[in-house]
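Scroll down for the structure; my scribbles are underneath it.
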Amino acid sequence: MAQFLDRPRCVAIVHQVKKFNIAVYAGDGIGPEVVEQAVRVLAAAQGDCRLEFTHLPWGAEYYEQHRQAVPDDFLGQLKKFDAIFLGALGWPAKMPDHISLAPLIAMRQQFDQYACVRPARLYAGVKTPLANKSPKDIDMVVIRENSEGEYAGIGGRFKRQTADEVAIENAIHSRRGIERIIRFGFETALTRPRRQLTLVTKSNALKHGMVLWDEIFEEVRTRYPSVRSDKQHVDAAAMNFVRCPERFDVVVASNLFGDILTDLGGAIAGGLGLASSANINPERQFPSMFEPVHGSAPDITGKGIANPIAAILSGALMLEFLGQCAAAQRIRIAVESVLDASLGTPDLGGKLTTQQLGEAVVERLNQ
Ligand code: NAD
Ligand code: IPM
Ligand code: MN
């Protein structure tokens, strides 16, 4: 054994293996179903690194036992991991959405995962609901501000349960928060061949927050002369996602606008079953979180037909963020090959189960 390790080639291999501790928060509904397949794919793709998965039993079942979705110190528990891999949260029949989803928003805000990266790319072999559009027309990434904005949670209820009841929901748009996400958007644009960026705004009506976004955008864009940039109001942007998606490359949007536009982005790229996302703390002071864009899909839970590709591609985003770009690329190539062969779950018009589609990706990886 010692002799084996003494051989220089083996020593090099030992040094290359990096270990990452991944918290798996599978959550509710189809969350555990798609996560199971994504974890299989990640295990098969890991190559020169080792991913150690720790499964956290939080969500609707935990709520039934403890009357809360997660333990009090859940952020403390998550903090020690290198990354968090999440399935989906929410089970409206068992617990109110604002309780089940609170941990998700808390992670994004408390771990300062301010950059939410959501690619929307139409793969060959996948049908878009848009007429006359093909993969060359749909290849964008939405950069969603993920730490403040309309999700700040600042507000309250007044005169509850009376005819005079009032609810106040304040949005927080800070100079620091806007500046860093627009900069992140431009940096992303520099990595893409088209080098184009669209700021989504609504400064014609939201005269405080969105006007500040516009002003900061004008400042930041001057620092990126090689990126072509423009802005669109969110209503027009929604229309243009449908009418002319080829106009978009990198899209930067506030928290709520980004949320809405990424369901639409998912839909035009073949459905939510394919839409991946990363919630990134670029400074790496806290763990980042990776999850599909979709929710817990109670309507198909337990049927074994949920599409695991969104979770699998979120796994690729995680590997990339952990510096394992070759492994991430292997997953993408395997997914491309599976989709190109028109293999898919029913949402893609196919006949495969969740497990069979996961297996198909693993098979391609092993080829
Ligand atoms: P949803 O994304 O769960 O489902 C919308 C539609 O898309 C459904 O018809 C569903 O069957 C379909 N769909 C979603 N993912 C799919 C997949 N992988 N394969 C095939 N079809 C898929 O949205 P919803 O129904 O509005 O919300 C359900 C629950 O999920 C709610 O509690 C909601 O708050 C929550 N939610 C959670 C997250 C999250 O955890 N990140 C995101 C969105 C919604
Ligand atoms: C998403 C989801 C969440 C959001 C919900 C479930 C809180 O829709 O990740 O897109 O609005 O951010
Ligand atoms: Mn959403």
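By order in the structure tokens, chains are A, B, ...; within a chain, residues start at 1; ligands start at 1, following the order shown.
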
Proximity check chain A to ligand 3, 7 Å, nearest pairs one decimal Å, only C-alpha atoms and all ligand atoms, as CSV:
```
residue,atom,partner,partner_atom_place_in_ligand_line,distance
A:Asp259,CA,ligand 3,1 (Mn),4.6
A:Ile260,CA,ligand 3,1 (Mn),6.2
A:Thr262,CA,ligand 3,1 (Mn),6.8
A:Asp263,CA,ligand 3,1 (Mn),6.1
A:Val293,CA,ligand 3,1 (Mn),6.1
A:His294,CA,ligand 3,1 (Mn),6.7
```

Next on the checklist: According to DSSP computed on the backbone, where in range 134-254 of chain A is there alpha helix (DSSP H)? Give the residues as a PyMOL selection string.
Outcome noted: chain A and resi 175-190+209-221+234-243

Next on the checklist: Please extract the residues of range 224-295 of chain A with a backbone DSSP assignment of strand (DSSP E or B) and present them as a count of residues only.
Outcome noted: 20

Next on the checklist: If I take CA of Arg194 in chain A and CA of Val250 in chain A, how far is one from the other in Å, to one decimal?
Outcome noted: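 Result for CA of Arg194 in chain A versus CA of Val250 in chain A: 9.1 Å, one decimal.
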
Go through chain A residue by residue and, counting only C-alpha atoms and all ligand atoms, keep those with an atom at most 6 Å from ligand 1; for each kept residue give the shortest atom pair and its distance in Å to one decimal, ordered by chain and increasing number, as a Markdown table.
```
| residue | atom | partner | partner_atom_place_in_ligand_line | distance |
| --- | --- | --- | --- | --- |
| A:Ala88 | CA | ligand 1 | 40 (O) | 3.4 |
| A:Leu89 | CA | ligand 1 | 40 (O) | 3.8 |
| A:Gly90 | CA | ligand 1 | 32 (O) | 3.5 |
| A:Trp91 | CA | ligand 1 | 32 (O) | 4.8 |
| A:Pro92 | CA | ligand 1 | 32 (O) | 5.1 |
| A:Asp97 | CA | ligand 1 | 32 (O) | 5.3 |
| A:Leu272 | CA | ligand 1 | 15 (N) | 5.3 |
| A:Gly273 | CA | ligand 1 | 18 (N) | 3.8 |
| A:Val293 | CA | ligand 1 | 41 (N) | 5.7 |
| A:His294 | CA | ligand 1 | 2 (O) | 3.7 |
| A:Gly295 | CA | ligand 1 | 3 (O) | 3.2 |
| A:Ser296 | CA | ligand 1 | 30 (O) | 4.1 |
| A:Ala297 | CA | ligand 1 | 3 (O) | 3.3 |
| A:Asp299 | CA | ligand 1 | 11 (O) | 5.3 |
| A:Ile300 | CA | ligand 1 | 11 (O) | 5.3 |
| A:Ala306 | CA | ligand 1 | 19 (N) | 3.8 |
| A:Asn307 | CA | ligand 1 | 19 (N) | 3.7 |
| A:Pro308 | CA | ligand 1 | 18 (N) | 5.6 |
| A:Asp347 | CA | ligand 1 | 20 (C) | 5.3 |
```

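The space separating CA of Asn21 in chain A from CA of Pro282 in chain A comes to 18.2 Å.
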
Item to check | Gap from CA of Ile309 in chain A to CA of Thr198 in chain A - Å, one decimal | outcome: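 CA of Thr198 in chain A lies 27.0 Å from CA of Ile309 in chain A.
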
Checklist entry - Looking at A:Ile172, A:Val35, A:Ala269, A:Ala106, which one is nearest to Pro129 in chain A, with distances taken over only C-alpha atoms? => result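 Under the stated criterion, the closest residue is A:Ala269.
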
Checklist entry - Which residue out of A:Ala205, A:Val211, A:Leu365, A:Ile105 has the minimum interatomic distance to ligand 2 when only C-alpha atoms and all ligand atoms are used? => result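 Ranking A:Ala205, A:Val211, A:Leu365, A:Ile105 by distance to ligand 2, first place goes to A:Ile105.
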
Checklist entry - Looking at A:Asn366, A:Ser276, A:Gln37, A:Gln46, which one is nearest to ligand 2, with distances taken over only C-alpha atoms and all ligand atoms? => result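 Closest to ligand 2, using only C-alpha atoms and all ligand atoms: A:Ser276.
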
Checklist entry - Looking at only C-alpha atoms, which of A:Ser174, A:Asn146, A:Thr54, A:Ser226 is the one that sits closest to Thr191 in chain A? => result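 Answer, going by the shortest atom-to-atom distance: A:Ser226.
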
Checklist entry - Out of A:Ser277, A:Asn170, A:Asn204, A:Ser314, which residue has the shortest atom-to-atom distance to Ala38 in chain A when counting only C-alpha atoms? => result A:Ser314

Item to check | Near-Ala152 in chain A list (9 Å; only C-alpha atoms; drop same-chain fewer than 4 positions) as a PyMOL selection string | outcome: chain A and resi 109+147-148+169-172

Item to check | Closest of A:Tyr63, A:Phe257, A:Phe81, A:Tyr25 to ligand 2 - atom-to-atom distances counting only C-alpha atoms and all ligand atoms | outcome: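 Checking each candidate against ligand 2, we get A:Phe257 as the closest.
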
List every residue of range 83-103 of chain A that has an atom at most 9 Å from any atom of range 68-73 of chain A, giving for each one its closest atom pair and the distance in Å to one decimal, counting only C-alpha atoms, sorted by chain and then by ascending residue number, as a Markdown table.
```
| residue | atom | partner | partner_atom | distance |
| --- | --- | --- | --- | --- |
| A:Met95 | CA | A:Ala69 | CA | 8.8 |
| A:Ile99 | CA | A:Ala69 | CA | 7.0 |
| A:Ser100 | CA | A:Ala69 | CA | 5.8 |
| A:Leu101 | CA | A:Ala69 | CA | 8.7 |
| A:Ala102 | CA | A:Ala69 | CA | 8.6 |
| A:Pro103 | CA | A:Val70 | CA | 7.3 |
```
